[in-house]
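**Q** I'm passing along structure_34.txt; it holds compact mmCIF, C-alpha atoms and all ligand atoms.
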# COMPACT_ATOMS: atom_id res chain seq x y z
CA MET A 285 -4.67 13.57 23.27
CA ALA A 286 -1.67 12.12 21.44
CA ILE A 287 -2.68 10.47 18.20
CA PRO A 288 0.12 9.42 15.84
CA SER A 289 0.12 10.99 12.39
CA ILE A 290 0.76 8.78 9.38
CA LEU A 291 1.98 10.51 6.22
CA CYS A 292 -0.02 8.91 3.41
CA ILE A 293 1.41 9.55 -0.06
CA ALA A 294 -1.04 8.22 -2.61
CA GLY A 295 -3.25 8.86 -5.60
CA HIS A 296 -6.81 10.18 -5.41
CA ASP A 297 -9.52 7.76 -6.50
CA PRO A 298 -12.86 9.57 -6.96
CA THR A 299 -14.81 6.37 -6.22
CA GLY A 300 -13.43 6.42 -2.68
CA GLY A 301 -12.45 2.77 -2.96
CA ALA A 302 -8.67 3.04 -3.24
CA GLY A 303 -5.99 5.70 -2.90
CA LEU A 304 -5.87 8.45 -0.33
CA GLN A 305 -9.49 8.13 0.79
CA ALA A 306 -8.88 4.47 1.57
CA ASP A 307 -5.77 5.45 3.50
CA ILE A 308 -7.52 8.14 5.53
CA GLU A 309 -10.38 5.82 6.49
CA ALA A 310 -8.13 2.88 7.35
CA VAL A 311 -5.74 5.01 9.41
CA ALA A 312 -8.61 6.67 11.29
CA ALA A 313 -10.17 3.29 12.07
CA GLN A 314 -6.93 2.24 13.83
CA GLY A 315 -6.87 5.42 15.93
CA GLY A 316 -4.34 7.35 13.86
CA HIS A 317 -4.46 10.62 11.94
CA ALA A 318 -3.70 10.65 8.20
CA LEU A 319 -1.67 13.46 6.66
CA GLY A 320 -2.26 13.33 2.90
CA LEU A 321 0.00 14.10 -0.04
CA VAL A 322 -1.62 13.42 -3.42
CA THR A 323 0.74 11.94 -6.03
CA ALA A 324 -1.88 12.00 -8.80
CA LEU A 325 -5.52 12.62 -9.57
CA THR A 326 -7.13 9.76 -11.46
CA ALA A 327 -10.19 9.17 -13.61
CA GLN A 328 -11.59 5.75 -12.77
CA ASP A 329 -14.69 3.80 -11.84
CA THR A 330 -14.94 0.87 -9.46
CA ASP A 331 -13.68 -1.45 -12.21
CA ASN A 332 -10.63 0.17 -13.72
CA VAL A 333 -8.39 3.24 -13.98
CA GLN A 334 -8.73 5.28 -17.19
CA TYR A 335 -6.37 8.26 -16.69
CA VAL A 336 -3.67 9.31 -14.24
CA TYR A 337 -2.82 13.02 -13.85
CA PRO A 338 0.45 13.24 -11.89
CA THR A 339 0.96 16.03 -9.36
CA PRO A 340 3.85 18.27 -10.51
CA ARG A 341 7.01 17.62 -8.56
CA GLU A 342 7.25 21.29 -7.45
CA SER A 343 3.75 21.18 -6.03
CA MET A 344 4.52 18.03 -4.05
CA GLN A 345 7.68 19.62 -2.71
CA GLN A 346 5.84 22.78 -1.64
CA GLN A 347 3.07 20.76 0.02
CA ALA A 348 5.61 18.70 1.92
CA ASP A 349 7.60 21.77 2.95
CA CYS A 350 4.49 23.28 4.58
CA LEU A 351 3.33 20.03 6.11
CA LEU A 352 6.60 18.71 7.49
CA ALA A 353 7.62 22.04 9.01
CA ASP A 354 4.45 21.82 11.07
CA CYS A 355 3.41 18.23 11.77
CA ALA A 356 5.28 15.36 13.39
CA VAL A 357 5.11 12.10 11.44
CA SER A 358 5.18 8.66 13.11
CA ALA A 359 5.07 6.49 9.98
CA ILE A 360 4.85 6.82 6.20
CA LYS A 361 2.62 4.90 3.80
CA ILE A 362 3.26 5.13 0.06
CA GLY A 363 0.89 3.84 -2.62
CA LEU A 364 0.54 4.88 -6.27
CA ILE A 365 3.43 6.94 -7.65
CA GLY A 366 2.27 9.68 -10.05
CA SER A 367 5.47 9.87 -12.11
CA PRO A 368 9.07 8.67 -11.74
CA ASP A 369 10.36 12.19 -11.06
CA GLN A 370 8.53 12.01 -7.71
CA LEU A 371 10.69 9.08 -6.57
CA PRO A 372 13.74 11.09 -5.39
CA LEU A 373 11.43 13.36 -3.38
CA LEU A 374 9.75 10.44 -1.65
CA ALA A 375 13.11 8.78 -0.97
CA GLY A 376 14.36 12.03 0.56
CA TRP A 377 11.36 12.28 2.90
CA ILE A 378 11.78 8.71 4.11
CA ARG A 379 15.46 9.37 4.83
CA THR A 380 14.89 12.73 6.52
CA LEU A 381 11.96 11.66 8.65
CA GLY A 382 13.63 8.41 9.72
CA VAL A 383 10.30 6.74 10.59
CA PRO A 384 8.97 3.34 9.46
CA ALA A 385 7.75 3.30 5.86
CA VAL A 386 5.13 0.90 4.48
CA ILE A 387 5.27 0.79 0.69
CA ASP A 388 2.60 -0.77 -1.51
CA PRO A 389 4.32 -1.02 -4.92
CA VAL A 390 1.27 -0.35 -7.07
CA LEU A 391 2.03 -1.44 -10.65
CA ARG A 392 -1.37 -2.26 -12.09
CA ALA A 393 -5.00 -1.55 -11.20
CA GLY A 394 -7.14 -4.51 -10.21
CA GLY A 395 -9.13 -3.91 -13.41
CA GLY A 396 -5.97 -4.42 -15.49
CA ALA A 397 -4.78 -0.89 -16.35
CA ALA A 398 -0.98 -0.56 -16.20
CA LEU A 399 -0.06 2.17 -13.72
CA LEU A 400 3.75 1.88 -14.08
CA ASP A 401 5.58 0.61 -17.18
CA ASP A 402 8.67 -1.61 -16.91
CA ARG A 403 11.11 1.28 -16.87
CA GLN A 404 9.16 3.06 -14.13
CA ALA A 405 8.82 -0.17 -12.14
CA GLY A 406 12.60 -0.58 -12.39
CA LEU A 407 13.15 2.92 -11.00
CA LEU A 408 10.71 2.22 -8.18
CA LEU A 409 12.68 -0.92 -7.38
CA ASP A 410 16.03 0.84 -7.41
CA VAL A 411 15.21 4.19 -5.81
CA LEU A 412 12.36 3.68 -3.36
CA LEU A 413 11.70 0.08 -2.38
CA PRO A 414 15.03 -0.46 -0.57
CA LEU A 415 13.98 2.27 1.89
CA ALA A 416 10.84 0.44 3.03
CA THR A 417 10.41 -1.04 6.48
CA VAL A 418 7.64 -3.23 5.06
CA LEU A 419 6.84 -3.89 1.41
CA VAL A 420 3.27 -5.00 0.71
CA PRO A 421 3.03 -6.23 -2.90
CA ASN A 422 0.39 -8.62 -4.16
CA ALA A 423 1.53 -11.87 -5.77
CA ALA A 424 1.46 -10.42 -9.31
CA GLU A 425 3.55 -7.44 -8.21
CA VAL A 426 6.08 -9.65 -6.45
CA ARG A 427 6.44 -11.84 -9.57
CA ARG A 428 7.15 -8.77 -11.67
CA LEU A 429 9.47 -7.03 -9.20
CA GLY A 430 11.26 -10.24 -8.20
CA GLY A 431 11.56 -11.36 -11.82
CA ASP A 432 10.25 -14.90 -11.48
CA THR A 433 6.97 -16.59 -12.39
CA ASP A 434 7.00 -18.44 -9.06
CA ALA A 435 5.81 -16.02 -6.36
CA GLU A 436 7.87 -17.66 -3.60
CA THR A 437 11.13 -17.47 -5.59
CA ALA A 438 10.32 -13.92 -6.63
CA ALA A 439 9.62 -12.92 -3.01
CA LEU A 440 12.99 -14.24 -1.83
CA ARG A 441 14.73 -12.45 -4.70
CA LEU A 442 12.93 -9.20 -3.94
CA LEU A 443 13.83 -9.50 -0.24
CA HIS A 444 17.47 -10.00 -1.14
CA ARG A 445 17.64 -7.32 -3.81
CA THR A 446 15.98 -4.58 -1.74
CA GLY A 447 17.38 -5.59 1.65
CA VAL A 448 14.08 -4.68 3.33
CA PRO A 449 13.46 -6.21 6.79
CA HIS A 450 9.83 -7.19 6.07
CA LEU A 451 7.91 -8.29 3.00
CA LEU A 452 4.22 -9.21 3.12
CA VAL A 453 3.00 -10.78 -0.12
CA THR A 454 -0.78 -10.72 -0.37
CA GLY A 455 -2.68 -13.48 -2.13
CA GLY A 456 -6.13 -11.97 -2.48
CA ASP A 457 -5.94 -11.97 -6.28
CA GLU A 458 -4.66 -15.55 -6.52
CA PRO A 459 -7.07 -18.46 -7.13
CA GLY A 460 -8.22 -20.76 -4.32
CA SER A 461 -10.81 -21.06 -1.58
CA ALA A 462 -8.42 -19.54 0.96
CA VAL A 463 -6.47 -16.28 0.83
CA CYS A 464 -2.84 -16.83 1.86
CA ASN A 465 -0.64 -13.86 2.73
CA ARG A 466 3.04 -14.61 3.37
CA TRP A 467 5.39 -12.65 5.61
CA TYR A 468 9.07 -12.95 4.62
CA ARG A 469 12.06 -11.79 6.64
CA PRO A 470 15.75 -12.38 5.98
CA GLY A 471 16.93 -15.56 7.68
CA ALA A 472 13.49 -16.68 8.90
CA ASP A 473 10.93 -19.11 7.53
CA PRO A 474 7.95 -17.38 5.91
CA VAL A 475 4.88 -16.98 8.13
CA VAL A 476 1.59 -17.77 6.41
CA PHE A 477 -1.61 -15.92 7.34
CA GLU A 478 -4.62 -17.77 5.95
CA TRP A 479 -8.18 -16.50 5.67
CA PRO A 480 -11.31 -18.06 4.18
CA ARG A 481 -11.92 -16.29 0.87
CA ILE A 482 -14.72 -13.72 1.02
CA PRO A 483 -16.78 -14.04 -2.18
CA GLY A 484 -16.76 -11.06 -4.55
CA ARG A 485 -14.38 -8.75 -6.37
CA PHE A 486 -12.88 -5.87 -4.42
CA HIS A 487 -11.32 -2.49 -5.11
CA GLY A 488 -8.94 -0.91 -2.61
CA ALA A 489 -8.07 -3.90 -0.44
CA GLY A 490 -4.31 -3.35 -0.83
CA CYS A 491 -4.48 0.33 0.14
CA THR A 492 -6.61 -0.57 3.17
CA LEU A 493 -4.16 -3.19 4.40
CA ALA A 494 -1.01 -1.09 3.87
CA SER A 495 -2.49 1.96 5.61
CA ALA A 496 -3.87 0.00 8.54
CA LEU A 497 -0.44 -1.59 8.90
CA ALA A 498 1.34 1.78 8.85
CA ALA A 499 -1.04 3.05 11.54
CA ARG A 500 -0.52 -0.04 13.70
CA ILE A 501 3.24 0.39 13.45
CA ALA A 502 2.87 4.09 14.29
CA LEU A 503 0.89 3.11 17.37
CA GLY A 504 3.96 1.21 18.54
CA GLU A 505 2.80 -2.34 17.96
CA PRO A 506 5.46 -4.99 17.34
CA MET A 507 5.58 -6.08 13.68
CA ALA A 508 3.93 -9.50 14.20
CA GLN A 509 1.00 -7.91 16.02
CA ALA A 510 0.71 -5.02 13.58
CA LEU A 511 0.63 -7.44 10.65
CA ALA A 512 -1.94 -9.72 12.26
CA ARG A 513 -4.24 -6.87 13.30
CA ALA A 514 -4.01 -4.96 10.03
CA GLN A 515 -4.93 -8.11 8.10
CA ASP A 516 -7.74 -8.93 10.49
CA TYR A 517 -9.10 -5.39 10.12
CA THR A 518 -8.90 -5.58 6.31
CA ASN A 519 -10.65 -8.93 6.34
CA ARG A 520 -13.52 -7.53 8.40
CA ALA A 521 -13.77 -4.44 6.18
CA LEU A 522 -14.01 -6.75 3.14
CA ALA A 523 -16.61 -8.95 4.83
CA SER A 524 -18.97 -5.97 5.05
CA ALA A 525 -17.94 -4.37 1.74
CA ILE A 526 -20.32 -2.00 -0.01
CA ALA A 527 -20.92 -1.49 -3.73
CA PRO A 528 -21.21 2.24 -4.56
CA GLY A 529 -20.91 1.47 -8.29
CA ARG A 530 -21.59 -1.30 -10.78
CA GLY A 531 -18.06 -2.71 -10.62
CA ARG A 532 -16.09 -4.05 -7.70
CA ALA A 533 -17.12 -3.64 -4.06
CA ILE A 534 -15.07 -1.49 -1.68
CA PRO A 535 -14.10 -2.37 1.90
CA ALA A 536 -16.35 -0.87 4.61
CA ARG A 537 -13.38 0.60 6.45
CA TRP A 538 -15.43 2.76 8.77
CA ALA A 539 -17.71 -0.14 9.81
CA ALA A 540 -14.87 -2.50 10.75
CA SER A 541 -13.88 -1.72 14.34
CA ARG A 542 -10.24 -1.26 15.20
CA ALA A 543 -10.22 -4.08 17.74
CA GLY A 544 -9.02 -7.53 16.87
N1 LIG A 601 -6.36 4.06 -7.87
C1 LIG A 601 -5.46 4.42 -6.97
C2 LIG A 601 -5.29 5.86 -6.67
C3 LIG A 601 -4.70 3.44 -6.32
O1 LIG A 601 -3.79 3.79 -5.41
C4 LIG A 601 -4.91 2.06 -6.63
C5 LIG A 601 -4.15 1.00 -5.97
O2 LIG A 601 -3.38 1.22 -5.07
C6 LIG A 601 -5.87 1.73 -7.58
C7 LIG A 601 -6.57 2.76 -8.16
C8 LIG A 601 -6.17 0.32 -7.93
O3 LIG A 601 -6.73 -0.31 -6.82
P1 LIG A 601 -7.26 -1.80 -7.00
O4 LIG A 601 -6.09 -2.58 -7.50
O5 LIG A 601 -7.67 -2.22 -5.65
O6 LIG A 601 -8.35 -1.74 -7.95
Just give me the structure of the file as structure tokens.
**A**
Amino acid sequence: MAIPSILCIAGHDPTGGAGLQADIEAVAAQGGHALGLVTALTAQDTDNVQYVYPTPRESMQQQADCLLADCAVSAIKIGLIGSPDQLPLLAGWIRTLGVPAVIDPVLRAGGGAALLDDRQAGLLLDVLLPLATVLVPNAAEVRRLGGDTDAETAALRLLHRTGVPHLLVTGGDEPGSAVCNRWYRPGADPVVFEWPRIPGRFHGAGCTLASALAARIALGEPMAQALARAQDYTNRALASAIAPGRGRAIPARWAASRAG
């Protein structure tokens, strides 16, 4: 049975809320298979990240050499970067594999911990983000990467600066009774996806959405459908979120069916 493999390049979150575990669950729920490269181990709880232990560049290279000599990859999803010296490796894999890449430019944990400083965020912007097929920042990330306090202006700047074909800005962390995600493309009006806000604070929503999207693209869905279905899936996983710790709840990725 042919199941597309999605190369997920992400950090490990021991709570299982975010990072590679989120990716694996979200990809599997769409009917894909996740291949996993760990950029960093982390020490964190369901509220915030305390420490990041980057994977040495040589180790990542050796893991990828073994993996990519063996397994075919249909799409790539990139989340947390462990250290800036990993960026040229990741850029090389996107170029060599020539498959769609969904990049979630993780700059800060939901609990507030900075995961990339300004210099590292600048390198991410220059080296990696222009290679994305779809960028999936949240509104705070787009403001920082696009260099404007207005998220809309920043999104248009980021689109122009990176030259990416698709940018989905998520609004889950913005105030309001509705969650508005905006899909930007060069030369087209933004498309707004609006969802009633699900009460609560969540950990791992961004990873869930980006991975589900990568899997949907790998399954061959057109971008509009992949975006709609990945968001719908994430919304349903959040609606039945569980709380394994005392902090934020995590999406029930295995309970949300792939349909929709
Ligand atoms: N830990 C890892 C490994 C992550 O990749 C991320 C976000 O992508 C986080 C923690 C923070 O997740 P959240 O912002 O949902 O708390």
**Q** Output the neighbourhood of ligand LIG 601 (chain A) as a VMD selection string, that is, all protein and nucleic acid residues with some atom at most 8 Å from the ligand, counting all atoms listed in the file.
**A** chain A and resid 294 to 297 301 to 304 324 to 326 328 330 to 333 363 to 364 388 390 392 to 395 486 to 491
**Q** Can you work out which one of A:Leu415, A:Arg441, A:Gly406, A:His450 has the shortest atom-to-atom distance to Met507 (chain A), counting all atoms listed in the file?
**A**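 The answer is A:His450, which sits nearest to Met507 (chain A).
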**Q** Just want the 9 Å neighbourhood of Met344 (chain A), counted on only C-alpha atoms, with same-chain residues fewer than 3 positions away dropped. Output as a PyMOL selection string.
**A** chain A and resi 321-323+339-341+347-349+370+373
**Q** List as a PDB file with C-alpha atoms, in the frame of the given file the residues having at least one atom at most 9 Å from position (12.1, 2.8, -4.2) as given in the file, counting only C-alpha atoms.
**A**
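Dumped to part13.pdb:
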ATOM      1  CA  LEU A 371      10.690   9.080  -6.570  1.00  0.00           C
ATOM      2  CA  PRO A 372      13.740  11.090  -5.390  1.00  0.00           C
ATOM      3  CA  LEU A 374       9.750  10.440  -1.650  1.00  0.00           C
ATOM      4  CA  ALA A 375      13.110   8.780  -0.970  1.00  0.00           C
ATOM      5  CA  ILE A 387       5.270   0.790   0.690  1.00  0.00           C
ATOM      6  CA  PRO A 389       4.320  -1.020  -4.920  1.00  0.00           C
ATOM      7  CA  GLY A 406      12.600  -0.580 -12.390  1.00  0.00           C
ATOM      8  CA  LEU A 407      13.150   2.920 -11.000  1.00  0.00           C
ATOM      9  CA  LEU A 408      10.710   2.220  -8.180  1.00  0.00           C
ATOM     10  CA  LEU A 409      12.680  -0.920  -7.380  1.00  0.00           C
ATOM     11  CA  ASP A 410      16.030   0.840  -7.410  1.00  0.00           C
ATOM     12  CA  VAL A 411      15.210   4.190  -5.810  1.00  0.00           C
ATOM     13  CA  LEU A 412      12.360   3.680  -3.360  1.00  0.00           C
ATOM     14  CA  LEU A 413      11.700   0.080  -2.380  1.00  0.00           C
ATOM     15  CA  PRO A 414      15.030  -0.460  -0.570  1.00  0.00           C
ATOM     16  CA  LEU A 415      13.980   2.270   1.890  1.00  0.00           C
ATOM     17  CA  ALA A 416      10.840   0.440   3.030  1.00  0.00           C
ATOM     18  CA  THR A 446      15.980  -4.580  -1.740  1.00  0.00           C
TER      19      THR A 446
END
**Q** Select, counting only C-alpha atoms, all protein, DNA and RNA residues no farther than 12 Å from (9.7, -16.4, 4.9) in file coordinates, and express the selection as a list in words.
**A**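 With a cut-off of 12 Å, the residues come to Ala435, Glu436, Thr437, Ala438, Ala439, Leu440, Arg441, Leu442, Leu443, His444, Pro449, His450, Leu451, Leu452, Val453, Asn465, Arg466, Trp467, Tyr468, Arg469, Pro470, Gly471, Ala472, Asp473, Pro474, Val475, Val476 and Phe477 of chain A.
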**Q** Give me the residues near Leu291 (chain A) as a PyMOL selection string, where near means some atom within 8 Å (using all atoms listed in the file) and where sequence neighbours in that chain fewer than 4 positions away do not count.
**A** chain A and resi 318-321+357-361
**Q** Name all residues at most 10 Å from Ala525 (chain A) (count all atoms listed in the file; drop same-chain ones fewer than 2 positions away) and give them as a count of residues only.
**A** 20
**Q** What is the CA of Asp434 (chain A)-CA of Gln404 (chain A) distance in Å, reported with one decimal?
**A**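 Separation between CA of Asp434 (chain A) and CA of Gln404 (chain A): 22.2 Å.
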**Q** As a list in words, please: the residues near region 307-314 of chain A (cut-off 6 Å, only C-alpha atoms, same-chain neighbours under 5 positions excluded).
**A**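 Residues near the query, excluding close chain neighbours: Thr492, Ser495, Ala496, Ala499, Arg537 and Arg542 of chain A.
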**Q** Which residue is closest to Val418 (chain A)? Choose from A:Ala327, A:Val386, A:Ile378, A:Val336 and count all atoms listed in the file.
**A**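 Comparing A:Ala327, A:Val386, A:Ile378, A:Val336 against Val418 (chain A), the winner is A:Val386.
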**Q** Would you mind listing what lies within 8 Å of Ala514 (chain A) as a ChimeraX atom specification, with all atoms listed in the file counted and same-chain residues fewer than 6 positions away left out?
**A** /A:493-494,496-497,500
